[in-house]
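Trainee: The file below is work_30.cif, mmCIF, C-alpha atoms; chains and numbers go by the auth columns:
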data_final
loop_
_atom_site.group_PDB
_atom_site.id
_atom_site.type_symbol
_atom_site.label_atom_id
_atom_site.label_comp_id
_atom_site.label_asym_id
_atom_site.label_seq_id
_atom_site.Cartn_x
_atom_site.Cartn_y
_atom_site.Cartn_z
_atom_site.B_iso_or_equiv
_atom_site.auth_seq_id
_atom_site.auth_asym_id
ATOM 1 C CA MET A 1 -10.817 -27.962 12.297 0.00 1 X
ATOM 2 C CA GLU A 2 -9.409 -30.687 10.072 0.00 2 X
ATOM 3 C CA LEU A 3 -8.577 -28.899 6.809 0.00 3 X
ATOM 4 C CA GLY A 4 -8.575 -31.989 4.600 0.00 4 X
ATOM 5 C CA ILE A 5 -5.131 -31.443 3.075 0.00 5 X
ATOM 6 C CA ARG A 6 -3.046 -34.033 4.924 0.00 6 X
ATOM 7 C CA ASP A 7 -0.399 -35.593 2.658 0.00 7 X
ATOM 8 C CA ARG A 8 -0.890 -32.931 0.006 0.00 8 X
ATOM 9 C CA HIS A 9 2.264 -31.391 -1.479 0.00 9 X
ATOM 10 C CA ALA A 10 3.083 -27.686 -1.367 0.00 10 X
ATOM 11 C CA ILE A 11 5.671 -25.337 -2.815 0.00 11 X
ATOM 12 C CA VAL A 12 6.130 -22.272 -0.630 0.00 12 X
ATOM 13 C CA CYS A 13 8.294 -19.620 -2.258 0.00 13 X
ATOM 14 C CA ALA A 14 10.620 -17.366 -0.259 0.00 14 X
ATOM 15 C CA SER A 15 9.869 -19.325 2.898 0.00 15 X
ATOM 16 C CA SER A 16 13.089 -19.470 4.893 0.00 16 X
ATOM 17 C CA ARG A 17 11.769 -16.733 7.196 0.00 17 X
ATOM 18 C CA GLY A 18 8.964 -14.239 7.683 0.00 18 X
ATOM 19 C CA LEU A 19 5.535 -14.723 6.170 0.00 19 X
ATOM 20 C CA GLY A 20 6.626 -17.494 3.824 0.00 20 X
ATOM 21 C CA ARG A 21 8.009 -19.552 6.684 0.00 21 X
ATOM 22 C CA ALA A 22 4.846 -18.957 8.710 0.00 22 X
ATOM 23 C CA CYS A 23 2.744 -20.247 5.816 0.00 23 X
ATOM 24 C CA ALA A 24 4.963 -23.319 5.407 0.00 24 X
ATOM 25 C CA ALA A 25 4.696 -24.049 9.133 0.00 25 X
ATOM 26 C CA SER A 26 0.897 -23.733 9.159 0.00 26 X
ATOM 27 C CA LEU A 27 0.596 -26.065 6.169 0.00 27 X
ATOM 28 C CA ALA A 28 3.007 -28.567 7.734 0.00 28 X
ATOM 29 C CA ARG A 29 0.916 -28.565 10.913 0.00 29 X
ATOM 30 C CA GLU A 30 -1.970 -29.790 8.745 0.00 30 X
ATOM 31 C CA GLY A 31 0.150 -32.663 7.438 0.00 31 X
ATOM 32 C CA VAL A 32 1.189 -31.096 4.139 0.00 32 X
ATOM 33 C CA HIS A 33 4.561 -32.083 2.673 0.00 33 X
ATOM 34 C CA VAL A 34 6.337 -28.780 2.130 0.00 34 X
ATOM 35 C CA THR A 35 9.074 -27.633 -0.219 0.00 35 X
ATOM 36 C CA LEU A 36 10.678 -24.452 1.060 0.00 36 X
ATOM 37 C CA ASN A 37 12.761 -21.928 -0.821 0.00 37 X
ATOM 38 C CA GLY A 38 15.188 -19.187 0.114 0.00 38 X
ATOM 39 C CA ARG A 39 18.432 -17.524 -0.889 0.00 39 X
ATOM 40 C CA ASP A 40 20.468 -18.075 2.284 0.00 40 X
ATOM 41 C CA PRO A 41 21.340 -21.788 2.619 0.00 41 X
ATOM 42 C CA GLU A 42 21.836 -21.780 6.394 0.00 42 X
ATOM 43 C CA THR A 43 18.595 -19.926 7.151 0.00 43 X
ATOM 44 C CA LEU A 44 16.716 -22.127 4.699 0.00 44 X
ATOM 45 C CA GLN A 45 18.016 -25.394 6.131 0.00 45 X
ATOM 46 C CA GLU A 46 17.270 -24.255 9.673 0.00 46 X
ATOM 47 C CA ALA A 47 13.670 -23.540 8.646 0.00 47 X
ATOM 48 C CA VAL A 48 13.307 -26.938 6.951 0.00 48 X
ATOM 49 C CA ASP A 49 14.759 -28.797 9.929 0.00 49 X
ATOM 50 C CA ALA A 50 12.615 -26.917 12.445 0.00 50 X
ATOM 51 C CA ILE A 51 9.378 -27.440 10.520 0.00 51 X
ATOM 52 C CA ALA A 52 10.066 -31.132 9.902 0.00 52 X
ATOM 53 C CA ALA A 53 10.954 -31.723 13.546 0.00 53 X
ATOM 54 C CA GLU A 54 7.978 -29.835 14.969 0.00 54 X
ATOM 55 C CA HIS A 55 5.300 -31.177 12.657 0.00 55 X
ATOM 56 C CA GLY A 56 6.659 -34.575 11.641 0.00 56 X
ATOM 57 C CA VAL A 57 6.125 -34.150 7.916 0.00 57 X
ATOM 58 C CA PRO A 58 8.545 -34.380 4.986 0.00 58 X
ATOM 59 C CA ALA A 59 10.150 -31.020 4.244 0.00 59 X
ATOM 60 C CA GLN A 60 12.805 -30.164 1.695 0.00 60 X
ATOM 61 C CA ALA A 61 14.814 -27.135 0.650 0.00 61 X
ATOM 62 C CA VAL A 62 15.474 -25.527 -2.725 0.00 62 X
ATOM 63 C CA GLU A 63 18.014 -22.746 -2.522 0.00 63 X
ATOM 64 C CA GLY A 64 17.879 -19.726 -4.822 0.00 64 X
ATOM 65 C CA ASP A 65 16.147 -16.514 -5.773 0.00 65 X
ATOM 66 C CA ILE A 66 12.573 -17.256 -6.851 0.00 66 X
ATOM 67 C CA ALA A 67 12.863 -14.611 -9.576 0.00 67 X
ATOM 68 C CA ASP A 68 15.577 -16.759 -11.202 0.00 68 X
ATOM 69 C CA GLU A 69 14.209 -19.232 -13.754 0.00 69 X
ATOM 70 C CA ARG A 70 16.729 -21.838 -12.592 0.00 70 X
ATOM 71 C CA THR A 71 15.286 -21.697 -9.085 0.00 71 X
ATOM 72 C CA GLN A 72 11.767 -22.046 -10.449 0.00 72 X
ATOM 73 C CA ARG A 73 12.808 -25.149 -12.402 0.00 73 X
ATOM 74 C CA SER A 74 14.535 -26.613 -9.349 0.00 74 X
ATOM 75 C CA LEU A 75 11.406 -26.152 -7.243 0.00 75 X
ATOM 76 C CA LEU A 76 9.294 -27.947 -9.825 0.00 76 X
ATOM 77 C CA GLU A 77 11.834 -30.753 -10.081 0.00 77 X
ATOM 78 C CA ALA A 78 11.770 -31.162 -6.297 0.00 78 X
ATOM 79 C CA CYS A 79 7.959 -31.061 -6.175 0.00 79 X
ATOM 80 C CA PRO A 80 6.702 -31.957 -9.661 0.00 80 X
ATOM 81 C CA THR A 81 3.000 -32.347 -8.824 0.00 81 X
ATOM 82 C CA PRO A 82 2.183 -29.701 -6.216 0.00 82 X
ATOM 83 C CA ASP A 83 -1.342 -29.461 -4.886 0.00 83 X
ATOM 84 C CA ILE A 84 -0.596 -26.104 -3.285 0.00 84 X
ATOM 85 C CA LEU A 85 1.486 -23.145 -4.429 0.00 85 X
ATOM 86 C CA VAL A 86 2.189 -20.220 -2.142 0.00 86 X
ATOM 87 C CA ASN A 87 3.779 -17.343 -4.022 0.00 87 X
ATOM 88 C CA ASN A 88 5.837 -15.000 -1.917 0.00 88 X
ATOM 89 C CA ASN A 89 8.862 -12.761 -2.302 0.00 89 X
ATOM 90 C CA GLY A 90 10.420 -9.800 -0.576 0.00 90 X
ATOM 91 C CA GLY A 91 8.993 -6.515 -1.771 0.00 91 X
ATOM 92 C CA PRO A 92 10.998 -3.692 -3.330 0.00 92 X
ATOM 93 C CA PRO A 93 12.146 -0.944 -0.983 0.00 93 X
ATOM 94 C CA PRO A 94 10.195 2.291 -0.578 0.00 94 X
ATOM 95 C CA GLY A 95 11.464 5.331 -2.400 0.00 95 X
ATOM 96 C CA ARG A 96 10.654 8.263 -4.644 0.00 96 X
ATOM 97 C CA PHE A 97 8.982 8.009 -8.037 0.00 97 X
ATOM 98 C CA ALA A 98 11.552 10.408 -9.481 0.00 98 X
ATOM 99 C CA ASP A 99 14.374 8.036 -8.520 0.00 99 X
ATOM 100 C CA TRP A 100 12.979 4.864 -10.115 0.00 100 X
ATOM 101 C CA ASP A 101 14.510 4.172 -13.499 0.00 101 X
ATOM 102 C CA ARG A 102 13.644 1.381 -15.923 0.00 102 X
ATOM 103 C CA ASP A 103 15.886 -1.091 -14.113 0.00 103 X
ATOM 104 C CA ALA A 104 14.073 -0.461 -10.824 0.00 104 X
ATOM 105 C CA TRP A 105 10.697 -1.109 -12.433 0.00 105 X
ATOM 106 C CA ILE A 106 11.887 -4.230 -14.250 0.00 106 X
ATOM 107 C CA GLY A 107 13.368 -5.571 -11.009 0.00 107 X
ATOM 108 C CA ALA A 108 10.078 -5.063 -9.166 0.00 108 X
ATOM 109 C CA LEU A 109 8.080 -6.688 -11.948 0.00 109 X
ATOM 110 C CA ASP A 110 10.444 -9.663 -12.133 0.00 110 X
ATOM 111 C CA ALA A 111 10.311 -10.292 -8.391 0.00 111 X
ATOM 112 C CA ASN A 112 6.696 -9.541 -7.550 0.00 112 X
ATOM 113 C CA MET A 113 4.697 -10.162 -10.726 0.00 113 X
ATOM 114 C CA LEU A 114 6.510 -12.202 -13.346 0.00 114 X
ATOM 115 C CA ALA A 115 8.067 -14.790 -11.001 0.00 115 X
ATOM 116 C CA PRO A 116 4.751 -15.722 -9.338 0.00 116 X
ATOM 117 C CA LEU A 117 2.995 -15.791 -12.702 0.00 117 X
ATOM 118 C CA ALA A 118 5.689 -18.134 -14.028 0.00 118 X
ATOM 119 C CA MET A 119 5.104 -20.476 -11.095 0.00 119 X
ATOM 120 C CA ILE A 120 1.337 -20.351 -11.595 0.00 120 X
ATOM 121 C CA ARG A 121 1.761 -21.093 -15.291 0.00 121 X
ATOM 122 C CA ALA A 122 3.944 -24.101 -14.485 0.00 122 X
ATOM 123 C CA VAL A 123 1.523 -25.732 -12.020 0.00 123 X
ATOM 124 C CA LEU A 124 -1.939 -24.702 -13.177 0.00 124 X
ATOM 125 C CA GLU A 125 -2.563 -27.290 -15.896 0.00 125 X
ATOM 126 C CA GLY A 126 -1.523 -30.190 -13.659 0.00 126 X
ATOM 127 C CA MET A 127 -3.748 -28.969 -10.834 0.00 127 X
ATOM 128 C CA CYS A 128 -6.713 -28.785 -13.200 0.00 128 X
ATOM 129 C CA GLU A 129 -6.053 -32.274 -14.522 0.00 129 X
ATOM 130 C CA ARG A 130 -5.883 -33.715 -10.981 0.00 130 X
ATOM 131 C CA GLY A 131 -9.009 -31.850 -9.861 0.00 131 X
ATOM 132 C CA PHE A 132 -7.446 -30.049 -6.906 0.00 132 X
ATOM 133 C CA GLY A 133 -5.302 -26.951 -6.594 0.00 133 X
ATOM 134 C CA ARG A 134 -4.827 -24.101 -4.177 0.00 134 X
ATOM 135 C CA ILE A 135 -2.767 -21.058 -5.155 0.00 135 X
ATOM 136 C CA VAL A 136 -2.194 -18.258 -2.664 0.00 136 X
ATOM 137 C CA ASN A 137 -0.273 -15.111 -3.541 0.00 137 X
ATOM 138 C CA ILE A 138 1.122 -13.096 -0.640 0.00 138 X
ATOM 139 C CA THR A 139 0.910 -9.537 -1.930 0.00 139 X
ATOM 140 C CA SER A 140 0.386 -6.372 0.109 0.00 140 X
ATOM 141 C CA ALA A 141 -2.217 -3.971 1.447 0.00 141 X
ATOM 142 C CA MET A 142 -0.692 -1.536 -1.066 0.00 142 X
ATOM 143 C CA VAL A 143 -2.738 -3.283 -3.779 0.00 143 X
ATOM 144 C CA LYS A 144 -5.887 -1.631 -2.393 0.00 144 X
ATOM 145 C CA THR A 145 -4.395 1.380 -0.614 0.00 145 X
ATOM 146 C CA PRO A 146 -1.470 2.498 -2.791 0.00 146 X
ATOM 147 C CA LEU A 147 1.003 4.987 -1.372 0.00 147 X
ATOM 148 C CA ALA A 148 3.516 6.844 -3.507 0.00 148 X
ATOM 149 C CA PRO A 149 6.646 5.651 -1.629 0.00 149 X
ATOM 150 C CA MET A 150 5.541 2.037 -2.249 0.00 150 X
ATOM 151 C CA GLY A 151 4.930 2.555 -5.963 0.00 151 X
ATOM 152 C CA LEU A 152 7.226 -0.252 -7.113 0.00 152 X
ATOM 153 C CA SER A 153 5.428 -2.708 -4.878 0.00 153 X
ATOM 154 C CA THR A 154 1.890 -1.643 -5.682 0.00 154 X
ATOM 155 C CA GLY A 155 2.578 -1.517 -9.416 0.00 155 X
ATOM 156 C CA ALA A 156 3.935 -5.060 -9.629 0.00 156 X
ATOM 157 C CA ARG A 157 1.557 -6.640 -7.140 0.00 157 X
ATOM 158 C CA THR A 158 -1.547 -5.055 -8.644 0.00 158 X
ATOM 159 C CA GLY A 159 -0.590 -6.573 -11.983 0.00 159 X
ATOM 160 C CA LEU A 160 -0.314 -10.011 -10.364 0.00 160 X
ATOM 161 C CA THR A 161 -3.678 -9.506 -8.659 0.00 161 X
ATOM 162 C CA SER A 162 -5.394 -8.636 -11.924 0.00 162 X
ATOM 163 C CA VAL A 163 -4.058 -11.626 -13.846 0.00 163 X
ATOM 164 C CA SER A 164 -4.844 -13.961 -10.940 0.00 164 X
ATOM 165 C CA LYS A 165 -8.434 -12.740 -10.813 0.00 165 X
ATOM 166 C CA ALA A 166 -8.886 -13.451 -14.510 0.00 166 X
ATOM 167 C CA LEU A 167 -7.336 -16.919 -14.215 0.00 167 X
ATOM 168 C CA SER A 168 -9.440 -17.822 -11.187 0.00 168 X
ATOM 169 C CA ARG A 169 -12.601 -17.732 -13.292 0.00 169 X
ATOM 170 C CA ASP A 170 -11.133 -20.126 -15.844 0.00 170 X
ATOM 171 C CA VAL A 171 -10.076 -22.842 -13.399 0.00 171 X
ATOM 172 C CA ALA A 172 -12.813 -22.786 -10.749 0.00 172 X
ATOM 173 C CA ARG A 173 -14.663 -25.708 -12.369 0.00 173 X
ATOM 174 C CA SER A 174 -11.570 -27.860 -11.822 0.00 174 X
ATOM 175 C CA ASN A 175 -11.555 -27.236 -8.041 0.00 175 X
ATOM 176 C CA VAL A 176 -8.555 -24.952 -8.404 0.00 176 X
ATOM 177 C CA THR A 177 -8.618 -21.675 -6.485 0.00 177 X
ATOM 178 C CA ILE A 178 -6.428 -18.591 -6.692 0.00 178 X
ATOM 179 C CA ASN A 179 -6.531 -16.071 -3.870 0.00 179 X
ATOM 180 C CA ASN A 180 -4.389 -13.259 -2.512 0.00 180 X
ATOM 181 C CA LEU A 181 -3.372 -12.366 1.027 0.00 181 X
ATOM 182 C CA LEU A 182 -2.884 -8.636 1.601 0.00 182 X
ATOM 183 C CA PRO A 183 -0.931 -8.197 4.841 0.00 183 X
ATOM 184 C CA GLU A 184 -0.216 -4.872 6.477 0.00 184 X
ATOM 185 C CA ARG A 185 2.007 -4.149 9.468 0.00 185 X
ATOM 186 C CA ILE A 186 2.964 -7.731 10.266 0.00 186 X
ATOM 187 C CA ASP A 187 5.784 -8.116 12.793 0.00 187 X
ATOM 188 C CA THR A 188 8.568 -9.416 10.530 0.00 188 X
ATOM 189 C CA ALA A 189 12.111 -8.424 9.638 0.00 189 X
ATOM 190 C CA ARG A 190 10.765 -6.377 6.719 0.00 190 X
ATOM 191 C CA GLN A 191 8.588 -4.426 9.125 0.00 191 X
ATOM 192 C CA ARG A 192 11.634 -3.686 11.228 0.00 192 X
ATOM 193 C CA GLY A 193 13.365 -2.412 8.107 0.00 193 X
ATOM 194 C CA MET A 194 10.435 -0.108 7.459 0.00 194 X
ATOM 195 C CA ALA A 195 10.618 1.099 11.069 0.00 195 X
ATOM 196 C CA GLU A 196 14.307 1.872 10.633 0.00 196 X
ATOM 197 C CA VAL A 197 13.578 3.919 7.507 0.00 197 X
ATOM 198 C CA HIS A 198 10.818 5.834 9.307 0.00 198 X
ATOM 199 C CA SER A 199 13.105 6.347 12.295 0.00 199 X
ATOM 200 C CA LYS A 200 15.781 7.983 10.164 0.00 200 X
ATOM 201 C CA ILE A 201 13.379 10.150 8.188 0.00 201 X
ATOM 202 C CA ALA A 202 11.433 11.352 11.226 0.00 202 X
ATOM 203 C CA GLY A 203 14.412 11.599 13.579 0.00 203 X
ATOM 204 C CA ILE A 204 12.859 9.312 16.165 0.00 204 X
ATOM 205 C CA SER A 205 13.862 6.074 17.876 0.00 205 X
ATOM 206 C CA ILE A 206 13.046 2.610 16.534 0.00 206 X
ATOM 207 C CA GLU A 207 10.672 2.105 19.463 0.00 207 X
ATOM 208 C CA GLU A 208 8.866 5.338 18.630 0.00 208 X
ATOM 209 C CA ALA A 209 8.638 4.254 14.997 0.00 209 X
ATOM 210 C CA TYR A 210 7.079 0.973 16.094 0.00 210 X
ATOM 211 C CA ASP A 211 4.616 2.841 18.306 0.00 211 X
ATOM 212 C CA ALA A 212 3.599 4.973 15.331 0.00 212 X
ATOM 213 C CA MET A 213 3.066 1.854 13.242 0.00 213 X
ATOM 214 C CA LYS A 214 0.902 0.276 15.940 0.00 214 X
ATOM 215 C CA ALA A 215 -1.116 3.480 16.226 0.00 215 X
ATOM 216 C CA SER A 216 -1.861 3.327 12.494 0.00 216 X
ATOM 217 C CA ILE A 217 -3.576 -0.050 12.940 0.00 217 X
ATOM 218 C CA ALA A 218 -7.167 -0.111 14.184 0.00 218 X
ATOM 219 C CA ALA A 219 -6.408 -3.153 16.335 0.00 219 X
ATOM 220 C CA GLY A 220 -3.640 -1.209 18.077 0.00 220 X
ATOM 221 C CA ARG A 221 -0.956 -3.813 17.430 0.00 221 X
ATOM 222 C CA LEU A 222 1.141 -5.392 14.716 0.00 222 X
ATOM 223 C CA GLY A 223 -0.047 -8.608 13.153 0.00 223 X
ATOM 224 C CA ARG A 224 1.681 -11.886 13.938 0.00 224 X
ATOM 225 C CA PRO A 225 3.247 -14.001 11.158 0.00 225 X
ATOM 226 C CA GLU A 226 1.371 -17.089 12.343 0.00 226 X
ATOM 227 C CA GLU A 227 -1.918 -15.267 11.786 0.00 227 X
ATOM 228 C CA VAL A 228 -0.972 -14.882 8.139 0.00 228 X
ATOM 229 C CA GLY A 229 0.157 -18.510 8.008 0.00 229 X
ATOM 230 C CA ASP A 230 -3.119 -19.795 9.397 0.00 230 X
ATOM 231 C CA ALA A 231 -5.144 -17.680 6.962 0.00 231 X
ATOM 232 C CA CYS A 232 -3.071 -19.148 4.150 0.00 232 X
ATOM 233 C CA ALA A 233 -3.659 -22.693 5.398 0.00 233 X
ATOM 234 C CA PHE A 234 -7.415 -22.159 5.452 0.00 234 X
ATOM 235 C CA LEU A 235 -7.431 -20.821 1.884 0.00 235 X
ATOM 236 C CA CYS A 236 -5.566 -24.014 0.920 0.00 236 X
ATOM 237 C CA SER A 237 -8.092 -26.248 2.674 0.00 237 X
ATOM 238 C CA ALA A 238 -10.671 -28.581 1.196 0.00 238 X
ATOM 239 C CA GLN A 239 -13.358 -26.392 2.793 0.00 239 X
ATOM 240 C CA ALA A 240 -12.206 -23.293 0.875 0.00 240 X
ATOM 241 C CA GLY A 241 -13.022 -24.664 -2.562 0.00 241 X
ATOM 242 C CA PHE A 242 -15.789 -22.065 -3.092 0.00 242 X
ATOM 243 C CA ILE A 243 -13.507 -19.124 -2.273 0.00 243 X
ATOM 244 C CA SER A 244 -11.520 -17.910 -5.269 0.00 244 X
ATOM 245 C CA GLY A 245 -10.405 -14.699 -6.926 0.00 245 X
ATOM 246 C CA GLN A 246 -10.472 -12.923 -3.564 0.00 246 X
ATOM 247 C CA ASN A 247 -8.197 -10.469 -1.757 0.00 247 X
ATOM 248 C CA LEU A 248 -8.114 -11.181 1.973 0.00 248 X
ATOM 249 C CA GLN A 249 -6.754 -8.273 3.965 0.00 249 X
ATOM 250 C CA LEU A 250 -4.887 -8.994 7.179 0.00 250 X
ATOM 251 C CA ASP A 251 -4.658 -5.533 8.633 0.00 251 X
ATOM 252 C CA GLY A 252 -6.380 -5.418 12.014 0.00 252 X
ATOM 253 C CA ALA A 253 -9.489 -3.752 10.532 0.00 253 X
ATOM 254 C CA SER A 254 -7.481 -0.787 9.253 0.00 254 X
ATOM 255 C CA TYR A 255 -8.761 -0.619 5.680 0.00 255 X
ATOM 256 C CA ALA A 256 -11.557 1.948 5.580 0.00 256 X
ATOM 257 C CA GLY A 257 -13.248 0.888 2.361 0.00 257 X
ATOM 258 C CA LEU A 258 -16.024 -1.581 1.640 0.00 258 X
ATOM 259 C CA LEU A 259 -14.461 -3.400 -1.325 0.00 259 X
#
Is it possible to give me this structure as structure tokens?
Mentor:
Amino acid sequence: MELGIRDRHAIVCASSRGLGRACAASLAREGVHVTLNGRDPETLQEAVDAIAAEHGVPAQAVEGDIADERTQRSLLEACPTPDILVNNNGGPPPGRFADWDRDAWIGALDANMLAPLAMIRAVLEGMCERGFGRIVNITSAMVKTPLAPMGLSTGARTGLTSVSKALSRDVARSNVTINNLLPERIDTARQRGMAEVHSKIAGISIEEAYDAMKASIAAGRLGRPEEVGDACAFLCSAQAGFISGQNLQLDGASYAGLL
């Protein structure tokens, strides 16, 4: 399917690897000019070079932590009129509620709520004026199925989800959409980190931890990053203009609820 976004411009936050990189690659395959972001300069440049070479589109890098206002400004200077914004960032680590002090909560909010909202605020008016905009927030299944060890993540990401839903109603008439991807158990480096934590707690091998993760998914396997990337690309398409304010779960049919 031709998605109708060739030669559009996209900012993809935290995209040097993992889900962000997968989203950047899927957009680039559709002919979108992509601006990638990451904290490690070598990893970031490798991602930019690989995407540009494979898909033949302009790609550029902006180094830095997306939670840093200077990085946000640099991204907007590099891509001043984005048609697409993909918000992404690494989530806070799991832990215990009793151990999370004010600094832990502020850090989670800065990284996973306030930074994406700052980027949305910076691009939204221009998108409305130009009559086209696609904003996709990569959040987490924890938004709809919160677990105590992931409290920092679910707290910050649920706040982002709520604000995004409210904004989506205000900008729909301008052909600007705001949606959220809620991945669970996707085969990335973060998932390996979670497997290592589970391995230590349960006293089992990494392979056994992975098997337990797969068993928790109705599809019987982990998701692939490119599946998330392709879902993101569709939500950014011309055809998806009537889809907004939604939470799309990518979880292999594991969520048991209706809504």
Trainee: Contacts of Met150 in chain X at 10 Å or less, counting all atoms listed in the file, minus same-chain residues fewer than 2 places along, as a list in words?
Mentor: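 In the requested format, the answer is Gly91, Pro92, Pro93, Pro94, Gly95, Arg96, Phe97, Met142, Val143, Pro146, Leu147, Ala148, Leu152, Ser153, Thr154 and Gly155 of chain X.
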Trainee: Taking into account only C-alpha atoms, which residue in the set X:Ala156, X:Leu76, X:Val228, X:Ala53 is nearest to Arg121 in chain X?
Mentor: X:Leu76
Trainee: Evaluate the PyMOL selection byres ((chain X and resi 81) around 8) here and jot the selected residues down as number ranges by chain.
Mentor: X: 9, 76, 79-80, 82-83, 123, 126-127
Trainee: Between X:Ala195, X:Cys128, X:Ala28, X:Val57, which has the minimum distance to Tyr210 in chain X (counting only C-alpha atoms)?
Mentor: X:Ala195
Trainee: Rank nothing, just name the residue among X:Ala122, X:Ala61, X:Ala172, X:Leu114 nearest to Arg157 in chain X, using only C-alpha atoms.
Mentor: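 Of X:Ala122, X:Ala61, X:Ala172, X:Leu114, the one nearest Arg157 in chain X, counting only C-alpha atoms, is X:Leu114.
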Trainee: I need the residue set behind the PyMOL selection byres ((chain X and resi 41-47) around 10) for this file; please write it as a VMD selection string.
Mentor: chain X and resid 14 to 17 21 to 22 24 to 25 36 to 40 48 to 53 59 to 64
Trainee: What does the structure give for the distance between CA of Ser199 in chain X and CA of Glu184 in chain X, in Å to one decimal?
Mentor: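 Between CA of Ser199 in chain X and CA of Glu184 in chain X the gap is 18.4 Å.
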Trainee: List, as a PyMOL selection string, every residue that the PyMOL selection byres ((chain X and resi 196) around 12) selects in the file provided.
Mentor: chain X and resi 94+189-195+197-210+213
Trainee: Using the file's own x, y and z axes, what box holds all listed atoms of range 147-155 of chain X with 5 Å on each side, keeping edges along x, y and z, and what are its centre and edge lengths in Å to one decimal, as AutoDock Vina command-line options?
Mentor:
--center_x 4.1 --center_y 2.1 --center_z -5.4 --size_x 16.2 --size_y 19.6 --size_z 18.0
Trainee: Counting only C-alpha atoms, figure out which residue out of X:Leu19, X:Val171, X:Leu258, X:Cys13 gets nearest to Phe132 in chain X.
Mentor: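 Closest residue, counting only C-alpha atoms: X:Val171.
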Trainee: Between X:Ala67, X:Ala218, X:Leu124, X:Leu182, which one has atoms that come closest to Ala108 in chain X, using all atoms listed in the file?
Mentor: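 The closest residue to Ala108 in chain X is X:Ala67.
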